[in-house]
Amino acid sequence: MGETAWRRCSSRSRKALALAGLEARELLASRAWWLLLAMTGPLVGHAFMTAVESYAEMSGAGGGPAALAQGLSPLDGLIVPTFGAYDLIATFLLPFVAIRLIATERESGAGRLLVQTPAGLGARLAAKAGVLLLGWLAAWIPAFLALGLWLGYGGHLSFREVAGVFLGHLLHALLTIGCAVAAAAVCRSSASAAIVTLGFTVGTWALDFVAAGRGGLLALLAPFTPEAALRTFEHGELRLALVAVLLLASLAGFAFAALWLDPFRSTASRVLRSAALLILTVGAAALASSWRSGWDLAEDRRNSFPRADEALLRTFRQPVRITVHLAPEDPKLSDLEINVLAKLRRVLPRLEVDYAAQSRTGLFEDADSHYGEIWYAVGAKRELLRSTTEPIVLAQLYELAGVAPPPGETDPPYPGYPLVAKPRGAAILFFIAWPLAAGLAFVVFRGRRRSSCANLV
Amino acid sequence: MGGPETQDGHLLAVHGLAKSYGPRRVLDEVSFIVRPGEVLGLIGPNGAGKTTLFECLAGVLSADQGEVHGPGGRALAPAERRSVMFYVPDGVAPWPDQLAGSVLLLFRDLWRLAADRLASVVDSLALRPLLNATVRSLSKGERKRFLIALGLLAPEPLLLLDEPFDGLDLRQAREATVVLRAEAARGRTLFLSIHQLSDAARACDRFVLLADGRVVGEGTLAELRSRAGLSDGGDGMEEVFLALT
């Protein structure tokens, strides 16, 4: 690296550090963030204690009949409910922290000064995003304390399951931050930006709800709403398409904010570029949504066929086409999606699914509409089946493909992890110690910074 | 610090700048020049369009029409004006929850200034006792001195200060004038928006008189006096202003 390039790089790093320092101080000065931090303790604590008690009951606490051990998974019984507190926090508290970082700058006039400095808008937004993410990660300390307690009680945890659900929440938070930052950049007041952000969230809930009863475009969009995406991660599945679409949407929020925070652009230019950005994002997201790669992170492999079947299915070279005559509100379609179609999408090289039902409920379909039928075609061979059970469907596919099923099941059965434990120490830790520690840190920060500047100038 | 000049020896030439808010014409065909190294005063009553003119000049508000020519006579797009001028708005409290000192340090780091430059600006505006105070807690006069300091730290050849004396008492206003004159003596060009005529007369070399969004006069006090048809002797800035507006 030449000396000039080195100097340029050093200059950029110094500016980036200065901006990161500014944003970190802004976050630490934000009461909204400290409040978020303090509230995570009780919210996570309540979720964790409820989960531990329910898990103990299912494991046969108090002498009652235990559920089948194989059904007791820490993913469903502990990780998902405990981390679920962050769904609430990301939806209702995090937007205010993100909006404040943008809105304060504009309302105080700082933005008009900063835009004239060598600090580029991109670098400023990157600093905000980085600091917000760090702030969000700090709020995860109670969740990891909860996992520590669980291990201390003798509980079992799978790193892959924890990482998967954590990633889901992280992407959810990123999307919330992207949306909040975009809203704060466009709206003139923080209150309006908060309303827009919450409106977006409620809109995605509505989309999720409506899509459950309708097919078509809505059903295509619904899996990418924050709540639906989170459910996928909570089910122990990591889909590359989901990660890509959520990241794209979050980045689009920041790019949108950059357009509207740039005072040197006219409104017409902003509107035109926003439209172009929207088209570009939708196009890229549509492309990314077709990616089928994914991983089953659940220890019980609930999202996968047995390994031998998956290996055999991956060798299918002929296209597989499935025509489903089931309406969106039919529970059989839901079973088919979870038990068969989602698993097939990950392993079959060429799969096409056609949803052929004409109505929402299927109750009043025409007599000749073939309602309830599921047609499987492999190459030129085609067969009707009404079952949504995994082994039956697999047997049908092997028969159509003219291959012998793999030899008997080789996967070791999931053992299950029953645990009878009481949430000892959780109440003190989450309801008293954590909020007190957050409050104390706030007071100490405010006291220390007052003696930080005079000697530096 | 020698400022770059246009082909005609001007640092900045403004041609036909106009801005409307709905049916209300706030700036109307505003044209004037800024010479390198001078302290130029933008004089006008409240509502004359001084702040709008500064914001359009700096590019942070888009003008409806008009051009701003920079050094070399080249028309400057709004985003390019950052390289020529730095604008300090009036009535802002940037980063209210930050310490005044940390904001000054931020500006030093962004522009990679030498430590002694920051120290000299801080001392010249008597800001040292305020470094550990939050911007929110500064009084109006203290905040004004803090904003002037931010402007002085910016290295651009032209500094636009909106109402730099507003909120300062007589002694502070005089001290600030000395600081600004010293900055001009270093070769920097200052363009000050002022509505107090006594402050303007004390601080500025030349004046642009703005009334109802129009330039009604431009020049030194003597030139304006002559244009207003007033005697060379006792008529001060106030008489000139009243005569021309």
# chains A, B, ... in the order shown; residues from 1 in each chain; ligands from 1
$ closest_atom_pairs --of "chain A" --to "chain B" --cutoff "9 Å" --atoms "only C-alpha atoms" --output "tab-separated table"
residue	atom	partner	partner_atom	distance
A:Ser11	CA	B:Arg112	CA	7.9
A:Arg14	CA	B:Asp109	CA	7.0
A:Lys15	CA	B:Leu110	CA	5.3
A:Ala16	CA	B:Leu110	CA	8.8
A:Ala18	CA	B:Leu106	CA	6.1
A:Leu19	CA	B:Leu106	CA	7.7
A:Gly21	CA	B:Leu106	CA	8.6
A:Leu22	CA	B:Leu106	CA	7.4
A:Arg25	CA	B:Gln98	CA	7.3
A:Glu26	CA	B:Gln98	CA	7.1
A:Ala29	CA	B:Asp97	CA	6.3
A:Ser30	CA	B:Asp97	CA	8.3
A:Thr104	CA	B:Trp95	CA	7.2
A:Glu105	CA	B:Trp95	CA	6.5
A:Arg106	CA	B:Pro94	CA	8.8
A:Glu107	CA	B:Pro94	CA	8.5
A:Ser108	CA	B:Pro94	CA	4.9
A:Gly109	CA	B:Val92	CA	5.2
A:Ala110	CA	B:Pro94	CA	4.2
A:Gly111	CA	B:Pro94	CA	7.9
A:Arg112	CA	B:Val60	CA	7.1
A:Leu113	CA	B:Val88	CA	6.9
A:Leu114	CA	B:Phe107	CA	8.9
A:Val115	CA	B:Val60	CA	8.6
A:Gln116	CA	B:Arg82	CA	5.5
A:Thr117	CA	B:Leu110	CA	7.1
A:Pro118	CA	B:Leu110	CA	6.4
A:Ala119	CA	B:Leu110	CA	6.7
A:Asp262	CA	B:Val60	CA	8.5
A:Pro263	CA	B:Val60	CA	5.0
A:Phe264	CA	B:Ala79	CA	5.4
A:Arg265	CA	B:Ser62	CA	7.6
A:Ser266	CA	B:Ser62	CA	6.4
A:Arg449	CA	B:Asn132	CA	8.0
A:Arg450	CA	B:Asn132	CA	5.3
A:Ser451	CA	B:Asn132	CA	6.5
A:Ser452	CA	B:Asn132	CA	7.3
A:Cys453	CA	B:Gly101	CA	5.4
A:Ala454	CA	B:Leu131	CA	5.7
A:Leu456	CA	B:Leu105	CA	8.1
A:Val457	CA	B:Ala119	CA	5.7
$ write_last_selection --atoms "C-alpha atoms" --output "PDB file, in the first residue's frame"
ATOM      1  CA  SER A  11      -7.893   9.539   7.572  1.00  0.00           C
ATOM      2  CA  ARG A  14     -10.095   8.430  12.063  1.00  0.00           C
ATOM      3  CA  LYS A  15     -13.309   9.966  10.718  1.00  0.00           C
ATOM      4  CA  ALA A  16     -15.144   6.650  11.091  1.00  0.00           C
ATOM      5  CA  ALA A  18     -14.997   9.956  15.403  1.00  0.00           C
ATOM      6  CA  LEU A  19     -18.466   9.253  13.996  1.00  0.00           C
ATOM      7  CA  GLY A  21     -17.777   7.725  19.047  1.00  0.00           C
ATOM      8  CA  LEU A  22     -20.394  10.399  18.437  1.00  0.00           C
ATOM      9  CA  ARG A  25     -22.281   8.852  23.047  1.00  0.00           C
ATOM     10  CA  GLU A  26     -25.675   9.698  21.550  1.00  0.00           C
ATOM     11  CA  ALA A  29     -27.226   9.701  26.334  1.00  0.00           C
ATOM     12  CA  SER A  30     -30.527   8.278  25.137  1.00  0.00           C
ATOM     13  CA  THR A 104     -32.468  14.428  17.320  1.00  0.00           C
ATOM     14  CA  GLU A 105     -29.842  15.224  14.740  1.00  0.00           C
ATOM     15  CA  ARG A 106     -32.366  16.839  12.459  1.00  0.00           C
ATOM     16  CA  GLU A 107     -34.432  18.623  15.097  1.00  0.00           C
ATOM     17  CA  SER A 108     -31.372  20.054  16.870  1.00  0.00           C
ATOM     18  CA  GLY A 109     -29.772  21.356  13.668  1.00  0.00           C
ATOM     19  CA  ALA A 110     -26.801  19.020  14.050  1.00  0.00           C
ATOM     20  CA  GLY A 111     -27.617  17.374  10.723  1.00  0.00           C
ATOM     21  CA  ARG A 112     -27.277  20.666   8.864  1.00  0.00           C
ATOM     22  CA  LEU A 113     -23.811  21.157  10.339  1.00  0.00           C
ATOM     23  CA  LEU A 114     -22.655  17.593   9.875  1.00  0.00           C
ATOM     24  CA  VAL A 115     -23.721  17.449   6.247  1.00  0.00           C
ATOM     25  CA  GLN A 116     -21.205  20.199   5.485  1.00  0.00           C
ATOM     26  CA  THR A 117     -18.321  18.317   7.094  1.00  0.00           C
ATOM     27  CA  PRO A 118     -16.181  15.624   5.451  1.00  0.00           C
ATOM     28  CA  ALA A 119     -18.321  12.988   7.215  1.00  0.00           C
ATOM     29  CA  ASP A 262     -29.370  14.504   1.886  1.00  0.00           C
ATOM     30  CA  PRO A 263     -30.320  18.201   1.862  1.00  0.00           C
ATOM     31  CA  PHE A 264     -28.546  18.800  -1.426  1.00  0.00           C
ATOM     32  CA  ARG A 265     -31.195  16.840  -3.358  1.00  0.00           C
ATOM     33  CA  SER A 266     -34.480  18.293  -4.547  1.00  0.00           C
ATOM     34  CA  ARG A 449     -18.543  11.921  31.099  1.00  0.00           C
ATOM     35  CA  ARG A 450     -18.710  15.275  32.864  1.00  0.00           C
ATOM     36  CA  SER A 451     -15.039  15.078  33.649  1.00  0.00           C
ATOM     37  CA  SER A 452     -13.986  13.829  30.249  1.00  0.00           C
ATOM     38  CA  CYS A 453     -13.503  16.854  27.992  1.00  0.00           C
ATOM     39  CA  ALA A 454     -11.697  19.711  29.662  1.00  0.00           C
ATOM     40  CA  LEU A 456      -8.556  16.966  26.002  1.00  0.00           C
ATOM     41  CA  VAL A 457      -8.845  20.445  24.495  1.00  0.00           C
TER      42      VAL A 457
END
$ atom_distance --atom1 "atom CA of A:Pro74" --atom2 "atom CA of A:Asp335"
22.7 Å
$ closest_residue --among "A:Ala182, A:Arg239, A:Arg31, A:Ala20" --to "A:Gly439" --atoms "only C-alpha atoms"
A:Arg31
$ select_by_dssp --residues "stretch 2-126 of chain B" --states "alpha helix (DSSP H)" --output "ChimeraX atom specification"
/B:50-58,100-111,115-124
$ residues_around --residues "B:Met237" --least-positions-apart "4" --cutoff "7 Å" --atoms "only C-alpha atoms" --output "JSON, numbers by chain"
{"B": [197, 201, 221, 241]}
$ write_last_selection --atoms "N, CA and C atoms" --output "PDB file, in the first residue's frame"
ATOM      1  N   LEU B 197     -28.042  46.921  13.530  1.00  0.00           N
ATOM      2  CA  LEU B 197     -27.222  47.736  12.632  1.00  0.00           C
ATOM      3  C   LEU B 197     -25.923  48.201  13.296  1.00  0.00           C
ATOM      4  N   ALA B 201     -22.267  47.641  11.651  1.00  0.00           N
ATOM      5  CA  ALA B 201     -21.345  48.732  11.325  1.00  0.00           C
ATOM      6  C   ALA B 201     -19.968  48.485  11.940  1.00  0.00           C
ATOM      7  N   LEU B 221     -20.071  51.338   3.551  1.00  0.00           N
ATOM      8  CA  LEU B 221     -20.993  52.298   4.157  1.00  0.00           C
ATOM      9  C   LEU B 221     -20.994  53.597   3.355  1.00  0.00           C
ATOM     10  N   PHE B 241     -29.830  52.668   6.086  1.00  0.00           N
ATOM     11  CA  PHE B 241     -30.757  51.537   5.976  1.00  0.00           C
ATOM     12  C   PHE B 241     -32.185  52.045   5.767  1.00  0.00           C
TER      13      PHE B 241
END
$ residues_around --residues "stretch 69-74 of chain B" --least-positions-apart "3" --cutoff "12 Å" --atoms "only C-alpha atoms" --output "short mmCIF file (atom, residue, chain, number, x, y, z; two decimals) with N, CA and C atoms, in the first residue's frame"
data_model
loop_
_atom_site.label_atom_id
_atom_site.label_comp_id
_atom_site.auth_asym_id
_atom_site.auth_seq_id
_atom_site.Cartn_x
_atom_site.Cartn_y
_atom_site.Cartn_z
N GLY B 3 -7.98 32.93 0.42
CA GLY B 3 -9.15 32.35 -0.22
C GLY B 3 -9.00 32.31 -1.72
N PRO B 4 -9.54 31.27 -2.37
CA PRO B 4 -9.50 31.23 -3.82
C PRO B 4 -10.42 32.30 -4.40
N GLU B 5 -10.12 32.75 -5.60
CA GLU B 5 -10.90 33.83 -6.20
C GLU B 5 -11.55 33.38 -7.50
N THR B 6 -12.65 34.05 -7.89
CA THR B 6 -13.24 33.82 -9.19
C THR B 6 -12.40 34.55 -10.22
N GLN B 7 -12.79 34.39 -11.49
CA GLN B 7 -12.01 35.06 -12.54
C GLN B 7 -12.03 36.58 -12.38
N ASP B 8 -13.15 37.08 -11.80
CA ASP B 8 -13.26 38.53 -11.62
C ASP B 8 -12.70 38.98 -10.28
N GLY B 9 -12.00 38.11 -9.59
CA GLY B 9 -11.45 38.48 -8.29
C GLY B 9 -12.45 38.30 -7.17
N HIS B 10 -13.55 37.62 -7.44
CA HIS B 10 -14.56 37.38 -6.39
C HIS B 10 -14.40 35.97 -5.86
N LEU B 11 -14.72 35.81 -4.59
CA LEU B 11 -14.74 34.46 -4.04
C LEU B 11 -16.03 33.75 -4.43
N LEU B 12 -17.08 34.56 -4.46
CA LEU B 12 -18.40 34.01 -4.77
C LEU B 12 -19.19 35.06 -5.55
N ALA B 13 -19.93 34.63 -6.55
CA ALA B 13 -20.82 35.54 -7.27
C ALA B 13 -22.20 34.90 -7.33
N VAL B 14 -23.18 35.61 -6.83
CA VAL B 14 -24.55 35.08 -6.78
C VAL B 14 -25.38 35.78 -7.84
N HIS B 15 -26.07 34.98 -8.66
CA HIS B 15 -26.85 35.56 -9.76
C HIS B 15 -28.30 35.11 -9.70
N GLY B 16 -29.20 36.07 -9.51
CA GLY B 16 -30.64 35.82 -9.68
C GLY B 16 -31.23 34.73 -8.81
N LEU B 17 -30.78 34.65 -7.57
CA LEU B 17 -31.29 33.61 -6.68
C LEU B 17 -32.74 33.93 -6.28
N SER B 31 -28.83 39.09 -6.30
CA SER B 31 -27.50 39.00 -6.92
C SER B 31 -26.52 39.87 -6.13
N PHE B 32 -25.34 39.37 -5.89
CA PHE B 32 -24.29 40.16 -5.24
C PHE B 32 -22.99 39.38 -5.35
N ILE B 33 -21.91 39.99 -4.89
CA ILE B 33 -20.63 39.29 -4.92
C ILE B 33 -20.01 39.26 -3.52
N VAL B 34 -19.14 38.27 -3.33
CA VAL B 34 -18.38 38.17 -2.08
C VAL B 34 -16.91 38.21 -2.46
N ARG B 35 -16.17 39.15 -1.85
CA ARG B 35 -14.74 39.28 -2.19
C ARG B 35 -13.89 38.52 -1.17
N PRO B 36 -12.80 37.99 -1.61
CA PRO B 36 -11.98 37.21 -0.67
C PRO B 36 -11.40 38.08 0.45
N LEU B 57 -27.75 29.60 -0.31
CA LEU B 57 -26.34 29.73 -0.69
C LEU B 57 -25.56 28.47 -0.31
N ALA B 58 -25.78 28.00 0.91
CA ALA B 58 -25.05 26.83 1.39
C ALA B 58 -25.52 25.55 0.71
N GLY B 66 -31.59 30.59 -10.09
CA GLY B 66 -30.39 31.35 -9.76
C GLY B 66 -29.16 30.46 -9.73
N ALA B 77 -22.83 23.46 -8.02
CA ALA B 77 -24.05 22.73 -7.64
C ALA B 77 -24.16 22.78 -6.12
N PRO B 78 -25.38 22.64 -5.57
CA PRO B 78 -25.52 22.75 -4.10
C PRO B 78 -24.53 21.88 -3.32
N GLU B 80 -21.66 20.92 -4.12
CA GLU B 80 -20.25 21.33 -4.30
C GLU B 80 -19.88 22.52 -3.43
N ARG B 81 -20.89 23.22 -2.94
CA ARG B 81 -20.60 24.46 -2.20
C ARG B 81 -19.93 24.18 -0.86
N ARG B 82 -20.01 22.92 -0.41
CA ARG B 82 -19.35 22.55 0.84
C ARG B 82 -17.86 22.81 0.79
N SER B 83 -17.31 22.74 -0.44
CA SER B 83 -15.85 22.89 -0.55
C SER B 83 -15.45 24.37 -0.44
N VAL B 84 -16.42 25.27 -0.55
CA VAL B 84 -16.10 26.70 -0.54
C VAL B 84 -16.55 27.37 0.75
N MET B 85 -17.70 26.93 1.26
CA MET B 85 -18.27 27.66 2.41
C MET B 85 -18.76 26.72 3.51
N PRO B 157 -12.94 28.39 2.97
CA PRO B 157 -12.52 29.80 2.87
C PRO B 157 -13.61 30.81 3.22
N LEU B 158 -14.87 30.41 3.06
CA LEU B 158 -15.97 31.34 3.35
C LEU B 158 -16.80 30.79 4.50
#
$ select_by_dssp --residues "stretch 189-236 of chain B" --states "strand (DSSP E)" --output "VMD selection string"
chain B and resid 189 to 194 206 to 211 214 to 219
